[in-house]
There are 4 protein chains.
Amino acid sequence: MFVTPYMVRFADVDNAGIFYYPRFFHAFHVAFETWWERDVGRSYYQVIRKDRIGFPAVHIEVDFKRPVTFGDPMDIHVGVKRIGKTSVVFRYRFVHRETGEVHNEAEITKAIVDMDSFRPLQPPPEIRRALERIRIT
Amino acid sequence: MFVTPYMVRFADVDNAGIFYYPRFFHAFHVAFETWWERDVGRSYYQVIRKDRIGFPAVHIEVDFKRPVTFGDPMDIHVGVKRIGKTSVVFRYRFVHRETGEVHNEAEITKAIVDMDSFRPLQPPPEIRRALERIRIT
Amino acid sequence: MFVTPYMVRFADVDNAGIFYYPRFFHAFHVAFETWWERDVGRSYYQVIRKDRIGFPAVHIEVDFKRPVTFGDPMDIHVGVKRIGKTSVVFRYRFVHRETGEVHNEAEITKAIVDMDSFRPLQPPPEIRRALERIRIT
Amino acid sequence: MFVTPYMVRFADVDNAGIFYYPRFFHAFHVAFETWWERDVGRSYYQVIRKDRIGFPAVHIEVDFKRPVTFGDPMDIHVGVKRIGKTSVVFRYRFVHRETGEVHNEAEITKAIVDMDSFRPLQPPPEIRRALERIRIT
């Protein structure tokens with residue numbers, strides 16, 4: 001599992017005082033990019049533009065259990081639930097750093113594709129190993 | 001069902017040339033707000049701030065079937081799949097206006113809550129009727 | 001001058017109850033794209049991707065005079081203040097549709113560039129004519 | 001001056017391959033919030049919600065000198081140019097961490113207001129001292 005802090009920003013919180021839920025998906029994506037940089041040692045930029053490998057989302061399921069508000073000290077936990085031949089299921093959780101409570105949880109299934117043909121692609125061994133390292137059970 | 005056009009914007013499309021998927025959720029929310037204005041005759045602003053009724057998302061499932069790109073003439077179709085006592089399941093589809101193809105489809109379960117207590121609330125009859133009008137089977 | 005309605009969205013308004021000012025710049029850009037579609041008869045997509053002409057911002061000045069809040073019926077007024085050889089100064093105003101009051105006003109200087117070389121470019125006559133049509137004095 | 005790293009995100013970069021300029025304003029705001037947390041020792045959340053002091057933008061000037069692209073290692077430099085009785089002029093710069101080049105520069109004049117009355121307010125001494133500490137000449 002990969003853990004990265006998430007600072008709730010002024011613009012994340014809506015007029016009703018809680019995190020505007022569409023923005024969680026951007027936060028998950030930023031956590032995904034951060035994982036590449038910190039844990040894989042290769043930026044998502046390099047993966048997409050140089051290796052020509054992309055990870056488009058094909059299916060998402062999310063449970064919102066508790067709202068997130070301005071000032072909440074949150075972490076995003078990134079894990080991998082399943083690794084297929086040409087796909088991978090990531091699990092993201094917004095976790096309160098002090099209480100440990102899971103405020104929401106998303107499973108995002110991503111295809112692994114060749115960016116030139118948009119065809120399914122089996123990831124190279126070093127990417128497969130990086131995915132294995134954050135596998136959760 | 002309620003149909004509203006969606007013009008793909010320059011900022012919606014990412015560097016890989018396709019709609020950045022986290023932004024679909026904002027697009028769905030804007031379609032939801034447009035439905036209130038056009039079809040219910042009461043803005044979401046009034047519903048939240050004056051009637052003190054909110055619709056926080058509690059569960060989301062999405063299938064991304066085909067990418068959306070800059071210049072695609074899209075519509076968002078908003079329908080209601082189930083009406084519970086204090087919840088409602090909306091279905092949103094990004095549909096290509098010319099081919100009729102569904103590019104993605106989301107089911108978003110929303111709680112209906114009192115904005116002051118954040119407690120579940122049975123919607124007043126005029127809101128229930130508005131939800132019934134866009135029911136899909 | 002080109003006028004397009006702007007519906008203030010739930011996500012535009014921040015926790016303090018007013019339009020989060022960084023989002024005005026996206027709203028101005030959407031108005032700019034709408035002008036291409038409605039008034040020039042050529043989408044910004046076609047201009048960038050097919051004609052290979054881009055309009056990157058080089059200088060911006062904005063005055064925020066009055067806040068914009070959720071529910072305010074606003075228009076964006078788009079005009080052209082100056083047309084240079086390879087640049088153009090647009091003026092955008094957020095105007096209250098009922099009171100006519102200008103809530104904010106931006107001048108955005110854009111270079112006109114060849115998208116392949118990023119070099120300055122003199123716009124073709126039909127674009128110059130379209131810019132002339134919304135000239136303000 | 002206060003310096004905070006900015007990681008260019010996939011969603012920041014548009015289809016033309018460069019930072020979509022409206023998003024710089026959100027990046028400046030996040031740098032502003034980070035300054036409160038790291039340097040002032042009081043989150044912007046606390047300032048707005050507990051101290052009831054807000055900093056709405058009243059005037060902005062920006063120069064875009066060089067584009068920012070995906071993968072560029074950037075810092076945001078936050079400084080204060082002028083401190084008035086009830087206003088303050090911040091200067092933000094996007095600076096390339098390796099070359100030291102300034103890619104863009106913004107001056108944002110903010111009013112200091114009482115969040116309950118929206119009236120001008122003289123900031124308390126500890127805020128004035130924090131502003132003085134990042135003064136630039």
# chains A, B, ... in the order shown; residues from 1 in each chain; ligands from 1
>>> closest_atom_pairs(of="chain D", to="chain A", cutoff="8 Å", atoms="only C-alpha atoms", output="CSV")
residue,atom,partner,partner_atom,distance
D:Arg9,CA,A:Val30,CA,7.0
D:Phe10,CA,A:Tyr45,CA,7.4
D:Val30,CA,A:Arg9,CA,7.0
D:Glu33,CA,A:Arg9,CA,7.7
D:Ser43,CA,A:Gly71,CA,7.8
D:Tyr45,CA,A:Gly71,CA,6.2
D:Phe70,CA,A:Tyr45,CA,6.5
D:Gly71,CA,A:Tyr45,CA,6.2
>>> select_by_dssp(residues="segment 17-135 of chain A", states="strand (DSSP E or B)", output="count of residues only")
46
>>> residues_around(residues="Asp72 of chain A", least_positions_apart="6", cutoff="12 Å", atoms="only C-alpha atoms", output="NGL selection string")
(:A and (5-10 or 12-13 or 17-19 or 66 or 94-101 or 103)) or (:D and (43 or 45-46))
>>> atom_distance(atom1="atom CA of Thr137 of chain C", atom2="atom CA of Val58 of chain D")
24.4 Å
>>> atom_distance(atom1="atom CA of Arg133 of chain D", atom2="atom CA of Met1 of chain D")
7.4 Å
>>> closest_residue(among="A:Pro56, A:Gly79, A:Pro125, A:Gly41", to="Arg91 of chain A", atoms="only C-alpha atoms")
A:Gly79
>>> residues_around(residues="Ile53 of chain C", least_positions_apart="5", cutoff="10 Å", atoms="only C-alpha atoms", output="PyMOL selection string")
chain C and resi 44-48+112-116+118+120-124
>>> residues_around(residues="Thr109 of chain D", least_positions_apart="3", cutoff="7 Å", atoms="only C-alpha atoms", output="short mmCIF file (atom, residue, chain, number, x, y, z; two decimals) with C-alpha atoms, in the first residue's frame")
data_model
loop_
_atom_site.label_atom_id
_atom_site.label_comp_id
_atom_site.auth_asym_id
_atom_site.auth_seq_id
_atom_site.Cartn_x
_atom_site.Cartn_y
_atom_site.Cartn_z
CA ALA D 57 -8.92 39.29 -4.56
CA VAL D 58 -9.68 42.76 -5.88
CA HIS D 59 -7.10 43.14 -8.65
CA ILE D 60 -4.81 40.78 -10.54
CA VAL D 88 -2.02 43.50 0.78
CA VAL D 89 -0.34 42.88 -2.58
CA PHE D 90 1.02 39.37 -3.01
#
>>> atom_distance(atom1="atom CA of Glu107 of chain B", atom2="atom CA of Phe55 of chain B")
14.0 Å
>>> select_by_dssp(residues="chain D", states="alpha helix (DSSP H)", output="compact mmCIF listing (two decimals) with C-alpha atoms, in the first residue's frame")
# COMPACT_ATOMS: atom_id res chain seq x y z
CA PRO D 22 -6.79 29.36 -15.86
CA ARG D 23 -5.46 26.67 -13.53
CA PHE D 24 -2.44 28.77 -12.49
CA PHE D 25 -4.79 30.85 -10.35
CA HIS D 26 -5.85 27.80 -8.37
CA ALA D 27 -2.16 26.86 -8.01
CA PHE D 28 -1.41 30.34 -6.62
CA HIS D 29 -4.27 29.96 -4.15
CA VAL D 30 -2.98 26.59 -2.98
CA ALA D 31 0.48 28.16 -2.47
CA PHE D 32 -1.21 30.90 -0.42
CA GLU D 33 -2.94 28.28 1.74
CA THR D 34 0.34 26.37 2.15
CA TRP D 35 2.04 29.57 3.31
CA TYR D 44 -6.42 29.46 6.20
CA TYR D 45 -9.36 27.41 7.43
CA PRO D 125 -0.45 42.14 14.70
CA GLU D 126 0.47 38.44 14.24
CA ILE D 127 -0.90 38.42 10.70
CA ARG D 128 0.83 41.71 9.91
CA ARG D 129 4.11 40.25 11.20
CA ALA D 130 3.64 37.13 9.05
CA LEU D 131 3.09 39.32 5.99
CA GLU D 132 6.18 41.39 6.85
CA ARG D 133 8.32 38.25 7.03
>>> closest_residue(among="D:Ile134, D:Arg93, D:Ala111, D:Asp51", to="Ile76 of chain D", atoms="only C-alpha atoms")
D:Arg93
>>> decode(residues="segment 4-36 of chain C", atoms="C-alpha atoms", output="PDB file, in the first residue's frame")
ATOM      1  CA  THR C   4     -23.335  34.435 -23.512  1.00  0.00           C
ATOM      2  CA  PRO C   5     -25.232  33.490 -20.345  1.00  0.00           C
ATOM      3  CA  TYR C   6     -23.297  32.069 -17.424  1.00  0.00           C
ATOM      4  CA  MET C   7     -25.127  29.919 -14.931  1.00  0.00           C
ATOM      5  CA  VAL C   8     -23.293  30.015 -11.608  1.00  0.00           C
ATOM      6  CA  ARG C   9     -22.709  26.415 -10.593  1.00  0.00           C
ATOM      7  CA  PHE C  10     -22.713  24.863  -7.145  1.00  0.00           C
ATOM      8  CA  ALA C  11     -18.998  24.086  -7.488  1.00  0.00           C
ATOM      9  CA  ASP C  12     -18.142  27.671  -8.489  1.00  0.00           C
ATOM     10  CA  VAL C  13     -19.080  29.012  -5.112  1.00  0.00           C
ATOM     11  CA  ASP C  14     -16.716  28.504  -2.225  1.00  0.00           C
ATOM     12  CA  ASN C  15     -17.234  27.886   1.406  1.00  0.00           C
ATOM     13  CA  ALA C  16     -17.400  31.633   2.080  1.00  0.00           C
ATOM     14  CA  GLY C  17     -20.453  31.772  -0.204  1.00  0.00           C
ATOM     15  CA  ILE C  18     -18.874  33.595  -3.138  1.00  0.00           C
ATOM     16  CA  PHE C  19     -17.474  32.618  -6.522  1.00  0.00           C
ATOM     17  CA  TYR C  20     -13.966  31.190  -6.029  1.00  0.00           C
ATOM     18  CA  TYR C  21     -12.036  33.709  -8.133  1.00  0.00           C
ATOM     19  CA  PRO C  22      -9.594  31.287  -9.838  1.00  0.00           C
ATOM     20  CA  ARG C  23     -12.584  29.707 -11.573  1.00  0.00           C
ATOM     21  CA  PHE C  24     -13.526  32.958 -13.352  1.00  0.00           C
ATOM     22  CA  PHE C  25     -10.595  32.363 -15.698  1.00  0.00           C
ATOM     23  CA  HIS C  26     -12.022  29.030 -16.782  1.00  0.00           C
ATOM     24  CA  ALA C  27     -15.418  30.727 -17.257  1.00  0.00           C
ATOM     25  CA  PHE C  28     -13.777  33.360 -19.502  1.00  0.00           C
ATOM     26  CA  HIS C  29     -12.145  30.599 -21.538  1.00  0.00           C
ATOM     27  CA  VAL C  30     -15.449  28.789 -21.981  1.00  0.00           C
ATOM     28  CA  ALA C  31     -17.015  32.081 -23.173  1.00  0.00           C
ATOM     29  CA  PHE C  32     -14.127  32.409 -25.642  1.00  0.00           C
ATOM     30  CA  GLU C  33     -14.796  28.879 -26.944  1.00  0.00           C
ATOM     31  CA  THR C  34     -18.534  29.613 -27.188  1.00  0.00           C
ATOM     32  CA  TRP C  35     -17.785  32.738 -29.243  1.00  0.00           C
ATOM     33  CA  TRP C  36     -15.887  30.602 -31.772  1.00  0.00           C
TER      34      TRP C  36
END
